Amino acid sequence: MSYIIEIEDLQKHYDNSGERFHALRDIDMKVRRGECVILKGISGSGKTTLLGIMAGLDHPSSGKVIVDGEAIAKLPDRHLSRFRGKHIGMIFQHYNLIENFSVRENVMVPLVPMNLDFEEVERRVRESMEVANISHKASMSAGRLSGGEKQRTAIARALASDPEIILCDEPTANLDRANSERFVEILSKLHDMGKSIVIATHDPIFDHLPFEARVVHMEDGRVVEEGRES
């Protein structure tokens, strides 16, 4: 099985007032196509920073980052944005929806730069909302949605461009138990669809997923342990 994400000797540091803070150290990691990887660790362990670099939202200080065959570490931001729009769907902790847009309009946003015809846009939006179980709220503004509905809208938006990679940053942090369980159900659908999934979380709900996942434990910016859970 081929790898969709390959990271070698990744370092990330920040310089502030003459002091250097190492956010990531010596990261070597590969994610297979169709695999689900759970990045576990307390706040400050580096998991969100690593996820952001995988997404091309941040640049590493050094090291190699290859995503779907493209070396993205040194790509300029404009090219990264185009690459991300085609290959990566992001699900954020705080949803990042446009509050005065409807659910349907929010889901449509990532399709705007793709210059698709109207019928194709409609098909993608409809199918994405169906997978995320949010079709019944299509015309409601995002600002009127519950937390669980906002998360399902964010999932639909992430799916609209039909990316092979889904990256999730603390996706259940603002959800109650029932909505967290609904999120896991949708995640299972995405896994069945063959999506490659990476989740940064410390939520124990991901300790026992209904499908196989690889757990990567992080501490102080390093990978300290890897294993499999199901």
# chains A, B, ... in the order shown; residues from 1 in each chain; ligands from 1
>>> select_by_dssp(residues="range 98-217 of chain A", states="alpha helix (DSSP H)", output="PyMOL selection string")
chain A and resi 103-108+118-131+147-159+177-192
>>> closest_residue(among="A:Arg177, A:His87, A:His59, A:Arg182", to="Ile134 in chain A", atoms="only C-alpha atoms")
A:Arg182
>>> closest_residue(among="A:Gly143, A:Ile5, A:Tyr14, A:Gly56", to="Met90 in chain A", atoms="only C-alpha atoms")
A:Gly56
>>> closest_residue(among="A:Arg126, A:Lys195, A:Lys40, A:Arg222", to="Ile4 in chain A", atoms="only C-alpha atoms")
A:Lys195
>>> residues_around(residues="Leu159 in chain A", least_positions_apart="3", cutoff="6 Å", atoms="only C-alpha atoms", output="number ranges by chain")
A: 128, 156, 162
>>> closest_residue(among="A:Phe92, A:Arg123, A:Ile38, A:Val107", to="Glu226 in chain A", atoms="only C-alpha atoms")
A:Ile38
>>> closest_residue(among="A:Tyr95, A:Glu212, A:Glu120, A:Pro110", to="Ser146 in chain A", atoms="only C-alpha atoms")
A:Tyr95
>>> residues_around(residues="Asp9 in chain A", least_positions_apart="6", cutoff="10 Å", atoms="only C-alpha atoms", output="count of residues only")
10
>>> atom_distance(atom1="CA of Cys36 in chain A", atom2="CA of Ser196 in chain A")
6.0 Å
>>> residues_around(residues="Thr153 in chain A", least_positions_apart="3", cutoff="8 Å", atoms="only C-alpha atoms", output="ChimeraX atom specification")
/A:103,106-107,129,132,134,149-150,156-157
>>> residues_around(residues="Val37 in chain A", least_positions_apart="2", cutoff="8 Å", atoms="only C-alpha atoms", output="NGL selection string")
:A and (31 or 35 or 39 or 197-199 or 213-216)
